[in-house]
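Trainee: Would you mind keeping the following structure in view while I ask a few things?
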Amino acid sequence: MESLLNSIDFQYIIGALVKTAIFWIFIMLVVAYMVYAERRVLAVIQNRLGPNRVGWQGLLQPFADLIKFIFKEDIVPLSVNKALYMMAPVIVLVPAMMVLILYPFGPSNVPIPLASTINWVVNWAGSLVGWDIGLNLTTMNLYITNFNVGLLYVFAMTSLGVYGIFIGGWASNSKYSLLGGLRSSAQMISYELSLSLSVIVILLIAGTLDLAKIVEQQSGWGGLRWNIFGGNGHWAMIPAAVIGFIVYLVSAIAETNRIPFDLPEAETELVAGFHTEYSSLKFALFFMAEYVNMTTVSVLATTLFLGGWQGPGVGSLPWLGPVYFLAKVFFFLFLYIWLRGTLPRFRYDQLMSFGWKVLLPTALFNIVFASVLAVLFL
Amino acid sequence: MDLTQIQGVHVLFLAFAALAVVAAFNIILQRNPIYSAIGLIVVLCSLAVLFLMLYAPFIAAIQIIVYAGAIMVLFVFVIMLLNVRAEDAITDRLKYLKFIAPVFFLLLVGQIAFFVSRVQNPPPPAKIPGSVESIAEGMFTSYVVPFEAASVLILMAIVGSMLLAKREKEEDIVRIEQALAEAQAGEPVIEESNEEAHA
């Protein structure tokens, strides 16, 4: 078995595990506080106060909610298909989480703060148990990994999430859940097409599917040469990029089942749709998956169209990268809440005809348009 | 096989190959169509991992997006929409398949045996062919005619299915026209109920 151990780069794997753990905890906190922010911002929009009792300004509310979710009675209705009913929340959450490894938080080869201290502590701890670790960290990449079909990987994972939703709807053995599941599957297949087609203009500009490289290419003009401004290519690509951005944004909101496209879980007609029969932690898993997916599409919008971690001054101060990145992502997350406080829900036939008769033709036209521009100017 | 030669890649391959085979058996052994469909999704996903290990990440991603993410969604969609139960499955009509299946099975086994017997040392996987660039280049240069032919074929299938779905039967048209005529003649019942609703 010696060769098995030698064939794996242990330092790489442990580093990746540590980074995954840190990023995972961070994203979980973002999700938890996203729920809090949603309630507070909605309250401001609707002229009320929102949760402000637990902790200062209600800042501990997410933890109170978590504890409530854990200790609530976990009810499994008698007539459900048990195996699938249990599996569904996991099927939704796991693919959503798997996208996390590609989030490009910042540049590569960033100097680690306090690197010498960390090295000394780890090596000292190793020497206590008689193990010579010889850790010598200097720089790190501010993403867990990147590979050359990163964008396709993200789309592949997000397309798997839909199974959990309608398996959950079907296994619940309830009319509302089934309707919610059906609506959601129909909606997600329809809008996934426009979502994938709308980013082709970015592929034409960047010439790669690797998310880290797509961000690196937008470094011109002091970190402001974003893809929506023509990116690495030519300013003449701007109209195609803007159309692509709008189509992306609309289909992303529909893809994550949010208002005004939240037909699968419409409270007033379907009593929360596919997760009507779920309670306690299983419901929390559905809830978390929805917010992780929202974060994912916001990260993609930032990375593909708005320059990711690029911004003025990143070249000399690389730790500004994550700050710009998070600021842009949080803008999109705020947009979700803002829309929820502003827009009414679509009718189901309007949703379908909008997706197939407006958004899809626009996305297809945009591919032709962007290709013509690329041939003329790139 | 020499156990000291085992590497991490072999363990991954065996795990996902085994998963694919088990899920494939699950497809044909389950009575409930929705379990079979889930089995097929698992097969497709584990095959994608195998593609990934053969240095074909593009094929792996497309495998999941197209087969697991789009085609199987439609399958499961139809199963759920029709709400097919295990006991409803009609097998009587397809009885003749019982006699054809063994022939095809033997053919398949012979085919696999033939090719496996010819393989001696599997060559290491090539690093370039799976990349996006090489696939695009091949698709639009050497294989452009088959590629376009396949696109036209698929387009024909789409147009044909649209035509079939849109066509209305004679009796349906007659019934619709009757209903329209009745509505134009002004059925008092409908209008009264409308007024009640408004009031």
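Going through the structure tokens in order, the chains are called A, B, and so on, while each chain numbers its residues from 1 and the ligands are numbered from 1 in the order shown.
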Find the spatial neighbours of Val30 in chain A, counting only C-alpha atoms, within a cut-off of 12 Å - ignore same-chain residues fewer than 3 positions away - and output them as a PyMOL selection string.
Mentor: chain A and resi 23-27+33-38+62+288+291-292+294-296+326+329-330+333
Trainee: Go ahead and save the picked residues with C-alpha atoms, as a tab-separated table (two decimals), in the first residue's frame.
Mentor:
chain	number	residue	atom	x	y	z
A	23	PHE	CA	-14.71	28.50	2.67
A	24	TRP	CA	-17.56	26.17	3.63
A	25	ILE	CA	-17.98	27.71	7.05
A	26	PHE	CA	-17.78	31.16	5.46
A	27	ILE	CA	-20.46	30.36	2.88
A	33	TYR	CA	-26.97	36.03	7.48
A	34	MET	CA	-28.54	36.21	4.03
A	35	VAL	CA	-31.76	34.92	5.61
A	36	TYR	CA	-31.43	37.52	8.38
A	37	ALA	CA	-30.65	40.29	5.88
A	38	GLU	CA	-33.62	39.26	3.79
A	62	PRO	CA	-29.74	32.95	12.47
A	288	MET	CA	-30.06	26.20	2.70
A	291	TYR	CA	-29.62	30.16	-0.60
A	292	VAL	CA	-26.42	28.36	-1.65
A	294	MET	CA	-28.50	32.00	-5.02
A	295	THR	CA	-24.91	32.57	-3.90
A	296	THR	CA	-23.64	30.40	-6.76
A	326	LEU	CA	-17.67	39.84	-1.89
A	329	VAL	CA	-21.63	39.14	-4.80
A	330	PHE	CA	-23.44	40.88	-1.96
A	333	LEU	CA	-27.75	38.97	-3.20
Trainee: Near chain A, meaning an atom within 9 Å, which residues of chain B appear when counting only C-alpha atoms? Write them as a compact mmCIF listing (two decimals) with N, CA and C atoms, in the first residue's frame.
Mentor:
# COMPACT_ATOMS: atom_id res chain seq x y z
N LEU B 3 -0.62 -6.28 -5.77
CA LEU B 3 -1.29 -5.32 -4.89
C LEU B 3 -0.45 -4.09 -4.61
N THR B 4 0.89 -4.21 -4.74
CA THR B 4 1.71 -3.03 -4.47
C THR B 4 1.60 -1.99 -5.57
N GLN B 5 0.99 -2.37 -6.71
CA GLN B 5 0.89 -1.44 -7.82
C GLN B 5 -0.37 -0.58 -7.77
N ILE B 6 -1.23 -0.85 -6.78
CA ILE B 6 -2.49 -0.12 -6.72
C ILE B 6 -2.24 1.36 -6.45
N GLN B 7 -2.95 2.21 -7.18
CA GLN B 7 -2.83 3.65 -6.96
C GLN B 7 -4.21 4.22 -6.67
N GLY B 8 -4.21 5.49 -6.25
CA GLY B 8 -5.47 6.14 -5.91
C GLY B 8 -6.45 6.09 -7.07
N VAL B 9 -5.92 6.23 -8.31
CA VAL B 9 -6.78 6.23 -9.48
C VAL B 9 -7.51 4.90 -9.62
N PRO B 57 -12.37 15.77 -19.54
CA PRO B 57 -13.28 16.53 -18.66
C PRO B 57 -14.46 17.11 -19.41
N PHE B 58 -14.26 17.49 -20.67
CA PHE B 58 -15.37 18.08 -21.44
C PHE B 58 -16.48 17.06 -21.64
N ALA B 60 -17.04 14.52 -19.82
CA ALA B 60 -17.64 14.25 -18.51
C ALA B 60 -18.70 15.30 -18.19
N ALA B 61 -18.34 16.58 -18.39
CA ALA B 61 -19.29 17.65 -18.06
C ALA B 61 -20.51 17.58 -18.96
N ILE B 62 -20.29 17.33 -20.26
CA ILE B 62 -21.41 17.26 -21.20
C ILE B 62 -22.30 16.07 -20.88
N GLN B 63 -21.66 14.97 -20.47
CA GLN B 63 -22.42 13.78 -20.08
C GLN B 63 -23.44 14.13 -19.00
N ILE B 64 -22.99 14.87 -17.99
CA ILE B 64 -23.90 15.21 -16.90
C ILE B 64 -24.93 16.25 -17.36
N ILE B 65 -24.46 17.30 -18.08
CA ILE B 65 -25.39 18.37 -18.44
C ILE B 65 -26.48 17.83 -19.36
N VAL B 66 -26.09 17.09 -20.41
CA VAL B 66 -27.06 16.69 -21.42
C VAL B 66 -27.87 15.48 -20.96
N ALA B 68 -27.75 13.52 -17.80
CA ALA B 68 -28.33 13.53 -16.45
C ALA B 68 -29.17 14.79 -16.23
N GLY B 69 -28.73 15.93 -16.78
CA GLY B 69 -29.38 17.18 -16.45
C GLY B 69 -30.56 17.52 -17.33
N ALA B 70 -30.63 17.00 -18.56
CA ALA B 70 -31.71 17.40 -19.45
C ALA B 70 -32.59 16.21 -19.84
N VAL B 73 -34.16 14.41 -16.88
CA VAL B 73 -35.18 15.25 -16.25
C VAL B 73 -36.51 15.06 -16.97
N LEU B 74 -36.45 15.00 -18.31
CA LEU B 74 -37.68 14.79 -19.07
C LEU B 74 -38.29 13.43 -18.77
N VAL B 76 -37.99 11.59 -16.01
CA VAL B 76 -38.60 11.59 -14.67
C VAL B 76 -39.87 12.45 -14.68
N PHE B 77 -39.80 13.56 -15.41
CA PHE B 77 -40.95 14.45 -15.56
C PHE B 77 -42.17 13.68 -16.07
N MET B 80 -43.49 11.14 -13.57
CA MET B 80 -44.26 11.76 -12.51
C MET B 80 -45.59 12.29 -13.00
N LEU B 81 -45.58 12.83 -14.22
CA LEU B 81 -46.80 13.43 -14.76
C LEU B 81 -47.86 12.37 -14.99
N SER B 131 -9.88 17.79 -24.60
CA SER B 131 -10.02 19.21 -24.30
C SER B 131 -11.06 19.88 -25.19
N VAL B 132 -11.55 21.02 -24.74
CA VAL B 132 -12.60 21.72 -25.47
C VAL B 132 -12.11 22.13 -26.86
Trainee: Rounded to one decimal in Å, what is the spacing between CA of Val201 in chain A and CA of Pro322 in chain A?
Mentor: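 Those two atoms sit 25.3 Å apart.
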Trainee: Excluding Gly39 in chain B and residues on its chain fewer than 4 positions from it, collect all residues at most 12 Å away from it, counting only C-alpha atoms, and give them as an mmCIF file with C-alpha atoms, in the first residue's frame.
Mentor:
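To be explicit, this is the file written out as result_3.cif:
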data_model
loop_
_atom_site.group_PDB
_atom_site.id
_atom_site.type_symbol
_atom_site.label_atom_id
_atom_site.label_comp_id
_atom_site.auth_asym_id
_atom_site.auth_seq_id
_atom_site.Cartn_x
_atom_site.Cartn_y
_atom_site.Cartn_z
ATOM 1 C CA LEU B 19 -21.382 1.862 -8.656
ATOM 2 C CA ALA B 20 -22.226 2.015 -12.368
ATOM 3 C CA VAL B 21 -22.744 -1.747 -12.606
ATOM 4 C CA VAL B 22 -24.872 -1.919 -9.452
ATOM 5 C CA ALA B 23 -27.008 1.015 -10.605
ATOM 6 C CA ALA B 24 -27.364 -0.571 -14.049
ATOM 7 C CA PHE B 25 -28.741 -3.734 -12.453
ATOM 8 C CA ASN B 26 -31.012 -1.520 -10.395
ATOM 9 C CA ILE B 27 -32.492 -0.109 -13.618
ATOM 10 C CA ILE B 28 -33.708 -3.469 -14.899
ATOM 11 C CA LEU B 29 -34.565 -5.116 -11.581
ATOM 12 C CA GLN B 30 -36.787 -2.394 -10.113
ATOM 13 C CA ASN B 32 -41.163 1.056 -9.969
ATOM 14 C CA PRO B 33 -40.182 3.152 -13.018
ATOM 15 C CA ILE B 34 -39.026 6.095 -10.894
ATOM 16 C CA TYR B 35 -36.409 3.918 -9.161
ATOM 17 C CA VAL B 43 -25.090 5.239 -14.032
ATOM 18 C CA LEU B 44 -24.672 8.403 -16.101
ATOM 19 C CA CYS B 45 -23.013 10.319 -13.257
ATOM 20 C CA SER B 46 -20.562 7.528 -12.452
ATOM 21 C CA ALA B 68 -28.327 13.532 -16.453
ATOM 22 C CA MET B 72 -33.321 12.246 -17.654
ATOM 23 C CA VAL B 76 -38.603 11.593 -14.672
#
Trainee: For a quick check of understanding, using only C-alpha atoms, which of A:Asn136, A:Asn47, A:Arg225, A:Ala254 has the smallest distance to Met352 in chain A?
Mentor: A:Ala254
Trainee: Env of Gln57 in chain A: 12 Å cut, atoms = only C-alpha atoms, seq-sep filter 4 positions within chain, self excluded. Answer as a PDB file with C-alpha atoms, in the first residue's frame.
Mentor:
ATOM      1  CA  TYR A  36     -31.428  37.516   8.380  1.00  0.00           C
ATOM      2  CA  ALA A  37     -30.647  40.286   5.879  1.00  0.00           C
ATOM      3  CA  ARG A  40     -34.521  42.924   7.834  1.00  0.00           C
ATOM      4  CA  LEU A  49     -39.042  46.402  11.998  1.00  0.00           C
ATOM      5  CA  GLY A  50     -38.189  42.772  11.351  1.00  0.00           C
ATOM      6  CA  PRO A  51     -36.308  40.470  13.766  1.00  0.00           C
ATOM      7  CA  ASN A  52     -34.394  42.679  16.254  1.00  0.00           C
ATOM      8  CA  ARG A  53     -34.695  40.819  19.578  1.00  0.00           C
ATOM      9  CA  GLN A  61     -31.288  35.460  14.970  1.00  0.00           C
TER      10      GLN A  61
END
Trainee: How far is it from CA of Ala289 in chain A to CA of Arg345 in chain A, in Å with one decimal?
Mentor: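 If I compute the distance from CA of Ala289 in chain A to CA of Arg345 in chain A, I get 21.3 Å.
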Trainee: Could you tell me how far CA of Pro312 in chain A lies from CA of Asn232 in chain A, in Å and to one decimal?
Mentor: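 So the two atoms, CA of Pro312 in chain A and CA of Asn232 in chain A, lie 16.2 Å apart.
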Trainee: Please list as a ChimeraX atom specification every residue within 10 Å of Phe63 in chain A, counting only C-alpha atoms and excluding residues in the same chain fewer than 6 positions away.
Mentor: /A:29,32-33,54,69
Trainee: Could you tell me which of A:Ile246, A:Val44, A:Ala241, A:Ile165 comes closest to Met87 in chain A if we count only C-alpha atoms?
Mentor: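 Under the stated criterion, the closest residue is A:Ile165.
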Trainee: DSSP on the backbone: which residues in range 215-361 of chain A end up as alpha helix (DSSP H)? Give the answer as an NGL selection string.
Mentor: :A and (215-216 or 220-223 or 238-255 or 267-270 or 280-305 or 320-342 or 348-353 or 360-361)
Trainee: I want to know what sits within 8 Å of Ile259 in chain A, based on only C-alpha atoms, with residues of the same chain fewer than 6 positions away left out; could you give that as a count of residues only?
Mentor: 7
